[in-house]
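Listing of input.cif, mmCIF, C-alpha atoms
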```cif
data_upload
#
loop_
_atom_site.label_atom_id
_atom_site.label_comp_id
_atom_site.auth_asym_id
_atom_site.auth_seq_id
_atom_site.Cartn_x
_atom_site.Cartn_y
_atom_site.Cartn_z
CA MET F 1 -13.61 40.86 -41.62
CA ILE F 2 -15.64 40.94 -38.41
CA ILE F 3 -17.59 37.87 -39.51
CA ILE F 4 -14.35 35.98 -40.18
CA ASN F 5 -13.02 36.86 -36.74
CA VAL F 6 -16.26 35.74 -35.13
CA VAL F 7 -16.08 32.45 -37.02
CA ILE F 8 -12.46 31.91 -35.95
CA VAL F 9 -13.29 32.63 -32.32
CA ALA F 10 -16.27 30.28 -32.49
CA VAL F 11 -14.12 27.52 -33.95
CA LEU F 12 -11.46 28.01 -31.28
CA VAL F 13 -14.04 27.99 -28.50
CA THR F 14 -15.60 24.83 -29.91
CA ALA F 15 -12.19 23.17 -30.14
CA VAL F 16 -11.37 24.10 -26.54
CA ILE F 17 -14.71 22.77 -25.31
CA ALA F 18 -14.23 19.54 -27.26
CA TYR F 19 -10.71 19.15 -25.86
CA LEU F 20 -11.86 19.69 -22.27
CA ALA F 21 -14.73 17.25 -22.72
CA LEU F 22 -12.39 14.64 -24.19
CA ARG F 23 -9.87 15.15 -21.41
CA ARG F 24 -12.58 14.85 -18.78
CA GLN F 25 -13.78 11.66 -20.43
CA ASN F 26 -10.24 10.24 -20.49
CA ASP F 27 -9.76 11.13 -16.82
CA ALA F 28 -13.01 9.38 -15.99
CA VAL F 29 -11.96 6.28 -17.94
CA GLN F 30 -8.55 6.24 -16.24
CA TYR F 31 -10.22 6.61 -12.86
CA GLU F 32 -12.49 3.65 -13.58
CA VAL F 33 -9.52 1.56 -14.75
CA ASN F 34 -7.62 2.37 -11.56
CA ARG F 35 -10.67 1.64 -9.45
CA LEU F 36 -11.32 -1.71 -11.13
CA THR F 37 -7.66 -2.68 -10.88
CA LEU F 38 -7.68 -1.84 -7.20
CA ARG F 39 -10.88 -3.82 -6.70
CA LEU F 40 -9.40 -6.87 -8.42
CA THR F 41 -6.25 -6.61 -6.31
CA GLU F 42 -8.35 -6.26 -3.19
CA MET F 43 -10.41 -9.33 -4.11
CA GLU F 44 -7.24 -11.34 -4.69
CA MET F 45 -5.90 -10.23 -1.32
CA LYS F 46 -9.13 -11.20 0.40
CA MET F 47 -9.02 -14.65 -1.19
CA ASP F 48 -5.37 -15.12 -0.23
CA ALA F 49 -6.11 -13.99 3.33
CA PHE F 50 -9.12 -16.29 3.49
CA HIS F 51 -7.01 -19.27 2.41
CA ALA F 52 -4.23 -18.35 4.81
CA ILE F 53 -6.54 -17.83 7.78
CA ASN F 54 -8.37 -21.07 7.17
CA ASN F 55 -5.13 -22.99 6.55
CA ILE F 56 -6.12 -23.91 3.00
CA PRO F 57 -2.90 -24.90 1.22
CA GLY F 58 -2.18 -23.68 -2.26
CA GLY F 59 -4.27 -20.46 -2.13
CA GLY F 60 -5.77 -19.72 -5.52
CA SER F 61 -3.42 -22.10 -7.37
CA ALA F 62 -4.25 -25.59 -8.61
CA ALA F 63 -4.80 -28.27 -6.01
CA ALA F 64 -1.58 -29.84 -4.76
CA ASP F 65 -0.92 -33.53 -5.14
CA ALA F 66 -1.10 -35.99 -2.25
CA GLN F 67 2.59 -35.67 -1.43
CA GLY F 68 2.38 -31.89 -1.38
CA LEU F 69 -0.60 -31.93 0.96
CA THR F 70 1.20 -34.36 3.26
CA ALA F 71 4.27 -32.12 3.32
CA VAL F 72 2.19 -29.03 4.13
CA SER F 73 0.35 -30.88 6.85
CA LYS F 74 3.62 -31.95 8.46
CA GLU F 75 4.99 -28.40 8.26
CA GLU F 76 1.85 -27.01 9.90
CA LYS F 77 2.06 -29.53 12.72
CA THR F 78 5.73 -28.70 13.25
CA ALA F 79 4.97 -24.96 13.20
CA ASN F 80 2.17 -25.37 15.75
CA ALA F 81 4.45 -27.41 17.98
CA ASP F 82 7.12 -24.72 17.73
CA LEU F 83 4.61 -22.00 18.63
CA SER F 84 3.83 -23.72 21.90
CA GLU F 85 7.52 -23.57 22.81
CA MET F 86 7.97 -19.87 22.06
CA ASP F 87 8.05 -17.18 24.70
CA ASP F 88 5.97 -14.01 24.33
CA LYS F 89 8.58 -12.05 22.39
CA GLU F 90 9.34 -14.90 19.97
CA LEU F 91 5.65 -15.53 19.39
CA PHE F 92 4.97 -11.85 18.76
CA GLU F 93 7.84 -11.64 16.26
CA HIS F 94 6.61 -14.77 14.47
CA ILE F 95 2.95 -13.74 14.22
CA SER F 96 3.75 -10.13 13.30
CA ARG F 97 6.15 -11.28 10.58
CA VAL F 98 3.50 -13.55 9.05
CA ILE F 99 0.89 -10.78 9.16
CA ARG F 100 3.25 -8.39 7.37
CA ASP F 101 4.69 -10.84 4.86
CA GLU F 102 1.29 -12.21 3.83
CA GLU F 103 -0.35 -8.76 4.17
CA LEU F 104 -3.17 -10.26 6.21
CA PHE F 105 -3.89 -6.80 7.63
CA ARG F 106 -5.37 -5.82 4.26
CA TRP F 107 -8.32 -8.11 4.94
CA PRO F 108 -10.99 -5.72 6.37
CA ASP F 109 -12.29 -8.31 8.85
CA PHE F 110 -8.86 -9.34 10.11
CA ASN F 111 -9.01 -9.45 13.92
CA ARG F 112 -8.07 -11.59 16.92
CA ALA F 113 -10.52 -14.31 15.92
CA ALA F 114 -8.78 -14.56 12.55
CA VAL F 115 -5.39 -14.82 14.26
CA LYS F 116 -6.75 -17.57 16.52
CA GLU F 117 -7.86 -19.57 13.48
CA ARG F 118 -4.64 -18.90 11.57
CA PHE F 119 -2.25 -19.97 14.34
CA SER F 120 -4.48 -22.27 16.43
CA LEU F 121 -3.87 -20.23 19.57
CA SER F 122 -6.13 -18.94 22.32
CA ALA F 123 -7.12 -15.29 22.57
CA ALA F 124 -5.30 -15.01 25.89
CA ARG F 125 -2.08 -16.40 24.41
CA ILE F 126 -2.24 -14.01 21.47
CA GLY F 127 -3.06 -11.01 23.64
CA GLY F 128 -0.24 -11.81 26.05
CA ALA F 129 2.28 -12.23 23.22
CA PHE F 130 1.43 -8.84 21.74
CA MET F 131 1.25 -6.94 25.01
CA ARG F 132 4.24 -8.50 26.75
CA GLY F 133 6.29 -9.36 23.69
CA GLY F 134 5.49 -6.40 21.46
CA GLY F 135 4.36 -3.70 23.88
CA MET F 136 1.08 -3.15 22.04
CA GLY F 137 -2.27 -4.81 21.47
CA LEU F 138 -3.16 -6.65 18.29
CA PRO F 139 -5.58 -3.91 17.10
CA GLU F 140 -2.84 -1.27 17.40
CA PHE F 141 -0.37 -3.47 15.52
CA VAL F 142 -2.83 -4.11 12.68
CA ARG F 143 -3.68 -0.40 12.53
CA ASN F 144 0.02 0.49 12.21
CA CYS F 145 0.48 -2.07 9.45
CA ARG F 146 -2.44 -0.59 7.53
CA LEU F 147 -1.16 2.96 7.94
CA ASP F 148 2.37 2.00 6.88
CA TYR F 149 0.96 0.34 3.78
CA ALA F 150 -1.23 3.37 3.05
CA CYS F 151 1.79 5.70 3.27
CA ARG F 152 3.68 3.61 0.75
CA LEU F 153 0.67 3.36 -1.55
CA MET F 154 0.03 7.11 -1.52
CA VAL F 155 3.56 7.81 -2.75
CA GLU F 156 3.89 4.90 -5.20
CA GLN F 157 0.44 5.45 -6.74
CA PRO F 158 -0.43 9.15 -6.23
CA GLU F 159 -3.28 8.90 -8.76
CA LEU F 160 -5.35 6.89 -6.26
CA SER F 161 -7.95 8.68 -4.19
CA PHE F 162 -7.70 8.51 -0.40
CA THR F 163 -10.84 6.36 -0.32
CA GLU F 164 -9.12 3.85 -2.60
CA VAL F 165 -5.95 3.99 -0.52
CA GLY F 166 -7.90 3.34 2.67
CA GLU F 167 -9.82 0.42 1.17
CA ALA F 168 -6.67 -1.15 -0.26
CA SER F 169 -5.03 -0.89 3.17
CA GLY F 170 -7.83 -2.72 4.95
CA TYR F 171 -10.09 0.12 6.05
CA GLN F 172 -13.83 -0.29 5.57
CA ARG F 173 -14.57 3.40 6.23
CA THR F 174 -12.68 6.41 4.90
CA THR F 175 -13.52 8.41 8.03
CA THR F 176 -11.75 5.82 10.19
CA PHE F 177 -8.75 5.92 7.88
CA TYR F 178 -8.55 9.73 8.14
CA HIS F 179 -8.94 9.61 11.94
CA ASP F 180 -6.25 6.96 12.47
CA PHE F 181 -3.86 8.62 10.01
CA LYS F 182 -4.08 12.05 11.64
CA ALA F 183 -3.83 10.56 15.12
CA ARG F 184 -0.54 8.87 14.25
CA PHE F 185 1.14 11.37 11.93
CA GLY F 186 -0.39 14.63 13.14
CA MET F 187 -1.58 15.62 9.67
CA PRO F 188 -4.24 14.54 7.13
CA PRO F 189 -3.28 12.14 4.32
CA ALA F 190 -3.32 14.92 1.69
CA GLU F 191 -0.69 16.96 3.52
CA TYR F 192 1.47 13.89 4.13
CA ARG F 193 1.40 12.87 0.47
CA ALA F 194 2.21 16.42 -0.67
CA GLN F 195 5.23 16.52 1.64
CA GLN F 196 6.49 13.12 0.53
CA LEU F 197 6.14 13.90 -3.16
CA LYS F 198 7.91 17.22 -2.65
CA GLN F 199 10.77 15.46 -0.88
CA ASP F 200 10.98 12.88 -3.67
CA ASP F 201 11.17 15.66 -6.26
CA ALA F 202 13.93 17.41 -4.32
CA THR F 203 15.86 14.15 -3.99
CA ALA F 204 15.51 13.48 -7.70
CA ILE F 205 16.87 16.96 -8.54
CA GLN F 206 19.82 16.48 -6.19
CA SER F 207 20.60 13.08 -7.66
CA VAL F 208 21.25 14.56 -11.13
CA GLN F 209 23.74 17.07 -9.74
CA PRO F 210 27.43 16.02 -9.73
CA GLN F 211 29.08 15.40 -6.37
CA GLY F 212 31.12 18.60 -6.67
CA GLY F 213 27.96 20.67 -6.42
CA GLU F 214 28.30 22.46 -9.77
CA PRO F 215 25.89 21.73 -12.59
CA LYS F 216 27.28 19.51 -15.31
CA GLU F 217 27.12 22.35 -17.86
CA GLN F 218 29.16 24.62 -15.60
CA GLN F 219 31.80 21.94 -15.13
CA GLU F 220 32.08 21.48 -18.89
CA ILE F 221 32.53 25.25 -19.37
CA THR F 222 35.23 25.31 -16.69
CA GLU F 223 37.11 22.44 -18.31
CA SER F 224 36.85 24.18 -21.68
CA GLU F 225 38.28 27.41 -20.24
CA LYS F 226 41.17 25.49 -18.73
CA ASN F 227 41.99 23.91 -22.09
CA ASP F 228 41.92 27.33 -23.77
#
```
Write out the structure in this file as structure tokens.
Amino acid sequence: MIIINVVIVAVLVTAVIAYLALRRQNDAVQYEVNRLTLRLTEMEMKMDAFHAINNIPGGGSAAADAQGLTAVSKEEKTANADLSEMDDKELFEHISRVIRDEELFRWPDFNRAAVKERFSLSAARIGGAFMRGGGMGLPEFVRNCRLDYACRLMVEQPELSFTEVGEASGYQRTTTFYHDFKARFGMPPAEYRAQQLKQDDATAIQSVQPQGGEPKEQQEITESEKND
């Protein structure tokens, strides 16, 4: 009897060890898949940003025909002409909208030189537009864009590590990401994500409750009692 019990325990222990090893292996595979997916997305973003900054029409798509290129060229000339007529506030709103919409801030090397190339403007004109029109410098604006994107990414994809979140948001160093995040929000990324996920869970629980405040089961019981 003792031998049988020992054999059973040994089998159970072996099964548990095998399960943990398999789970660890699956977690490692999932981590690698997430990392590779993030890398591919980051490479695509870098290519898109490169094309946008260097005014290469079409991005990664097939080359446009002659009429398409002519149309793009005319649009760019018109846009450049319009930029010269904008005041500081209008120029800031235009440049900031393009940076956000095209997610140029996710390019790690995105800086004032890149903005100069993208919009064919001088550094002084860009700096004046951001300071007088937006009340902040270009580096601060780009940093805020990256942090806003990181906040959204942490909640939408909680399986990502903070290193991956920082890299996807345009940060080259995780330490810089941590420093900027805590300086703006007053807490580390881990605490922020925990709070946001907790709030989302609470909101989800509230959303399944009826407007009257009573659980659905309780309402059904009450209606049944009334019918009786």
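Taken over the shown file, the PyMOL selection byres ((chain F and resi 169) around 6) identifies F:Arg106, F:Arg146, F:Ala150, F:Gly166, F:Glu167, F:Ala168, F:Gly170, F:Tyr171.
In this structure, CA of Met187 in chain F sits 14.0 Å away from CA of Thr175 in chain F.
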Original post:
Which one of F:Lys116, F:Arg193, F:Phe110, F:Ile2 sits closest to Gln172 in chain F if you count only C-alpha atoms?
Top reply: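 The shortest atom-to-atom distance to Gln172 in chain F comes from F:Phe110.
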**OP:** Find the spatial neighbours of Val115 in chain F, counting all atoms listed in the file, within a cut-off of 10 Å - ignore same-chain residues fewer than 2 positions away - and output them as a PyMOL selection string.
**Re:** chain F and resi 53-54+95+99+104+110-113+117-123+126+138
**OP:** One decimal, Å: what's the distance from CA of Asp88 in chain F over to CA of Asn144 in chain F, could you say?
**Re:**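 Result for CA of Asp88 in chain F versus CA of Asn144 in chain F: 19.8 Å, one decimal.
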Take every atom of range 146-152 of chain F listed in the file, fit an axis-aligned box around them, add 5 Å per side, and give the centre and edge lengths in Å to one decimal as AutoDock Vina command-line options.
```
--center_x 0.6 --center_y 2.6 --center_z 4.3 --size_x 16.1 --size_y 16.3 --size_z 17.2
```
